[in-house]
$ cat upload-v4.tsv   # TSV, C-alpha atoms
chain	number	residue	atom	x	y	z
O	1033	MET	CA	-43.60	74.40	-66.41
O	1034	ALA	CA	-39.83	73.95	-66.28
O	1035	GLU	CA	-38.51	70.71	-67.68
O	1036	LYS	CA	-36.57	68.58	-65.20
O	1037	LYS	CA	-32.97	68.15	-66.21
O	1038	LYS	CA	-31.56	64.64	-65.87
O	1039	SER	CA	-28.40	64.63	-63.77
O	1040	GLU	CA	-25.54	63.16	-65.78
O	1041	PHE	CA	-22.18	62.26	-64.35
O	1042	LEU	CA	-18.79	62.13	-65.96
O	1043	MET	CA	-18.19	58.46	-66.80
O	1044	TYR	CA	-14.93	56.49	-66.81
O	1045	LYS	CA	-14.92	52.86	-67.97
O	1046	GLY	CA	-18.71	52.77	-67.62
O	1047	LYS	CA	-18.83	53.98	-64.03
O	1048	PRO	CA	-19.68	57.47	-62.71
O	1049	LEU	CA	-17.09	59.90	-61.33
O	1050	VAL	CA	-18.50	62.34	-58.77
O	1051	ARG	CA	-16.40	65.13	-57.24
O	1052	LYS	CA	-17.08	67.15	-54.12
O	1053	GLY	CA	-14.21	69.43	-53.19
O	1054	ASN	CA	-11.00	67.41	-53.07
O	1055	THR	CA	-12.80	64.05	-52.92
O	1056	ILE	CA	-13.73	62.01	-55.99
O	1057	TYR	CA	-15.98	58.95	-55.81
O	1058	TYR	CA	-15.74	56.40	-58.60
O	1059	GLY	CA	-18.39	53.72	-59.02
O	1060	LYS	CA	-22.06	53.21	-58.27
O	1061	MET	CA	-23.08	53.55	-54.63
O	1062	SER	CA	-25.50	50.64	-55.15
O	1063	ASP	CA	-22.51	48.33	-55.86
O	1064	PRO	CA	-20.77	46.46	-53.01
O	1065	PHE	CA	-17.61	48.60	-53.43
O	1066	VAL	CA	-16.71	52.13	-54.57
O	1067	LEU	CA	-13.43	53.95	-54.92
O	1068	MET	CA	-12.69	57.12	-52.97
O	1069	LEU	CA	-9.87	59.34	-54.24
O	1070	THR	CA	-8.80	62.23	-52.02
O	1071	ILE	CA	-6.50	64.91	-53.43
O	1072	LEU	CA	-4.06	65.59	-50.60
O	1073	SER	CA	-1.91	68.19	-52.38
O	1074	SER	CA	-1.64	69.89	-55.74
O	1075	HIS	CA	0.53	72.41	-57.55
O	1076	ASP	CA	-0.07	75.06	-60.19
O	1077	VAL	CA	0.76	74.34	-63.84
O	1078	GLN	CA	0.04	77.34	-66.08
O	1079	GLY	CA	-2.91	78.42	-63.96
O	1080	VAL	CA	-4.39	74.93	-63.51
O	1081	GLN	CA	-4.20	72.98	-60.24
O	1082	VAL	CA	-2.73	69.51	-60.83
O	1083	ALA	CA	-2.86	66.81	-58.13
O	1084	ASP	CA	0.55	65.61	-56.96
O	1085	LYS	CA	-0.50	63.46	-53.98
O	1086	VAL	CA	-3.69	61.38	-54.02
O	1087	SER	CA	-5.04	58.96	-51.41
O	1088	VAL	CA	-6.81	55.92	-52.89
O	1089	GLN	CA	-9.28	53.84	-50.86
O	1090	LEU	CA	-11.47	50.94	-51.94
O	1091	ILE	CA	-14.56	51.23	-49.73
O	1092	ASN	CA	-17.12	48.54	-48.87
O	1093	THR	CA	-20.60	50.13	-49.14
O	1094	ASP	CA	-22.33	47.62	-46.83
O	1095	PRO	CA	-23.84	49.71	-43.98
O	1096	ASP	CA	-23.62	46.70	-41.62
O	1097	VAL	CA	-19.81	46.62	-41.84
O	1098	ARG	CA	-17.98	48.55	-39.11
O	1099	PRO	CA	-16.50	51.84	-40.42
O	1100	HIS	CA	-12.94	50.70	-39.67
O	1101	ASP	CA	-13.48	47.49	-41.68
O	1102	ARG	CA	-14.97	49.24	-44.71
O	1103	ILE	CA	-11.57	50.10	-46.19
O	1104	ALA	CA	-10.56	47.07	-48.27
O	1105	HIS	CA	-7.41	48.61	-49.86
O	1106	LYS	CA	-5.53	51.87	-49.33
O	1107	THR	CA	-2.51	53.57	-50.94
O	1108	GLU	CA	-1.15	56.96	-51.97
O	1109	LYS	CA	-0.05	57.88	-55.49
O	1110	LYS	CA	1.78	60.86	-56.99
O	1111	SER	CA	-0.81	61.66	-59.68
O	1112	LEU	CA	-4.53	61.39	-60.27
O	1113	SER	CA	-4.02	59.16	-63.30
O	1114	ALA	CA	-1.85	56.69	-61.34
O	1115	ALA	CA	-4.43	56.73	-58.52
O	1116	ILE	CA	-7.38	55.98	-60.77
O	1117	ASP	CA	-5.43	53.29	-62.64
O	1118	ILE	CA	-4.70	51.26	-59.49
O	1119	GLY	CA	-8.08	52.05	-57.98
O	1120	SER	CA	-10.09	50.99	-61.02
O	1121	THR	CA	-8.19	47.68	-61.05
O	1122	TRP	CA	-9.02	47.10	-57.37
O	1123	LEU	CA	-12.66	48.01	-57.99
O	1124	GLU	CA	-13.04	45.70	-60.98
O	1125	ARG	CA	-11.51	42.77	-59.07
O	1126	ALA	CA	-13.66	43.42	-55.98
O	1127	LEU	CA	-16.87	43.62	-58.03
O	1128	ALA	CA	-15.96	40.49	-60.02
O	1129	SER	CA	-15.48	38.48	-56.83
O	1130	GLU	CA	-18.96	39.39	-55.49
$ encode --input "upload-v4.tsv" --output "structure tokens"
Amino acid sequence: MAEKKKSEFLMYKGKPLVRKGNTIYYGKMSDPFVLMLTILSSHDVQGVQVADKVSVQLINTDPDVRPHDRIAHKTEKKSLSAAIDIGSTWLERALASE
């Protein structure tokens, strides 16, 4: 019988990073907030695609909140590292206030 493989995610500061296409979710979906990073554009650097415009949204995961009201913070950054820096700060503050 085949052994079941445990799904492991890439972790950053103790929280999972999950990518699907150009969207990256950061945080646990069971928490009150998660971060959604959307790569809006990228350019080629020596054969590797590098993000040069990233949308950052802090999302409330409460299903009872209206979809329009779920976005707690929103910005755009010029790199993935700048986006995750600001987003992780927002996420930590939002989770600490819960």
$ atom_distance --input "upload-v4.tsv" --atom1 "CA of Arg1125 in chain O" --atom2 "CA of Arg1051 in chain O"
23.0 Å
$ residues_around --input "upload-v4.tsv" --residues "range 1074-1086 of chain O" --least-positions-apart "2" --cutoff "8 Å" --atoms "all atoms listed in the file" --output "PDB file with C-alpha atoms, in the frame of the given file"
ATOM      1  CA  LEU O1069      -9.870  59.340 -54.240  1.00  0.00           C
ATOM      2  CA  THR O1070      -8.800  62.230 -52.020  1.00  0.00           C
ATOM      3  CA  ILE O1071      -6.500  64.910 -53.430  1.00  0.00           C
ATOM      4  CA  LEU O1072      -4.060  65.590 -50.600  1.00  0.00           C
ATOM      5  CA  VAL O1088      -6.810  55.920 -52.890  1.00  0.00           C
ATOM      6  CA  GLU O1108      -1.150  56.960 -51.970  1.00  0.00           C
ATOM      7  CA  LYS O1109      -0.050  57.880 -55.490  1.00  0.00           C
ATOM      8  CA  LYS O1110       1.780  60.860 -56.990  1.00  0.00           C
ATOM      9  CA  SER O1111      -0.810  61.660 -59.680  1.00  0.00           C
ATOM     10  CA  LEU O1112      -4.530  61.390 -60.270  1.00  0.00           C
ATOM     11  CA  ALA O1115      -4.430  56.730 -58.520  1.00  0.00           C
TER      12      ALA O1115
END
$ closest_residue --input "upload-v4.tsv" --among "O:Leu1042, O:Ile1118, O:Ile1091, O:Leu1067" --to "Thr1055 in chain O" --atoms "all atoms listed in the file"
O:Leu1067
$ closest_residue --input "upload-v4.tsv" --among "O:Ile1116, O:Glu1130, O:Phe1065, O:Thr1121" --to "Ile1103 in chain O" --atoms "all atoms listed in the file"
O:Phe1065
$ atom_distance --input "upload-v4.tsv" --atom1 "CA of Ser1073 in chain O" --atom2 "CA of Tyr1058 in chain O"
19.2 Å
$ residues_around --input "upload-v4.tsv" --residues "Met1043 in chain O" --least-positions-apart "6" --cutoff "10 Å" --atoms "all atoms listed in the file" --output "MDAnalysis selection string"
chainID O and resid 1049:1050 1058:1059
$ write_last_selection --input "upload-v4.tsv" --atoms "C-alpha atoms" --output "compact mmCIF listing (two decimals), in the frame of the given file"
# COMPACT_ATOMS: atom_id res chain seq x y z
CA LEU O 1049 -17.09 59.90 -61.33
CA VAL O 1050 -18.50 62.34 -58.77
CA TYR O 1058 -15.74 56.40 -58.60
CA GLY O 1059 -18.39 53.72 -59.02
$ closest_residue --input "upload-v4.tsv" --among "O:Gly1046, O:Ser1062, O:Gly1119, O:Asn1054" --to "Pro1095 in chain O" --atoms "all atoms listed in the file"
O:Ser1062
$ atom_distance --input "upload-v4.tsv" --atom1 "CA of Pro1099 in chain O" --atom2 "CA of Ala1114 in chain O"
26.0 Å
$ closest_residue --input "upload-v4.tsv" --among "O:Arg1102, O:Tyr1057, O:Leu1090, O:Met1068" --to "Phe1041 in chain O" --atoms "only C-alpha atoms"
O:Tyr1057
$ closest_residue --input "upload-v4.tsv" --among "O:Asp1117, O:Leu1123, O:Gly1053, O:Pro1064" --to "Val1097 in chain O" --atoms "only C-alpha atoms"
O:Pro1064
$ closest_residue --input "upload-v4.tsv" --among "O:Thr1093, O:Ser1120, O:Ala1128, O:Asp1101" --to "Lys1047 in chain O" --atoms "only C-alpha atoms"
O:Ser1120
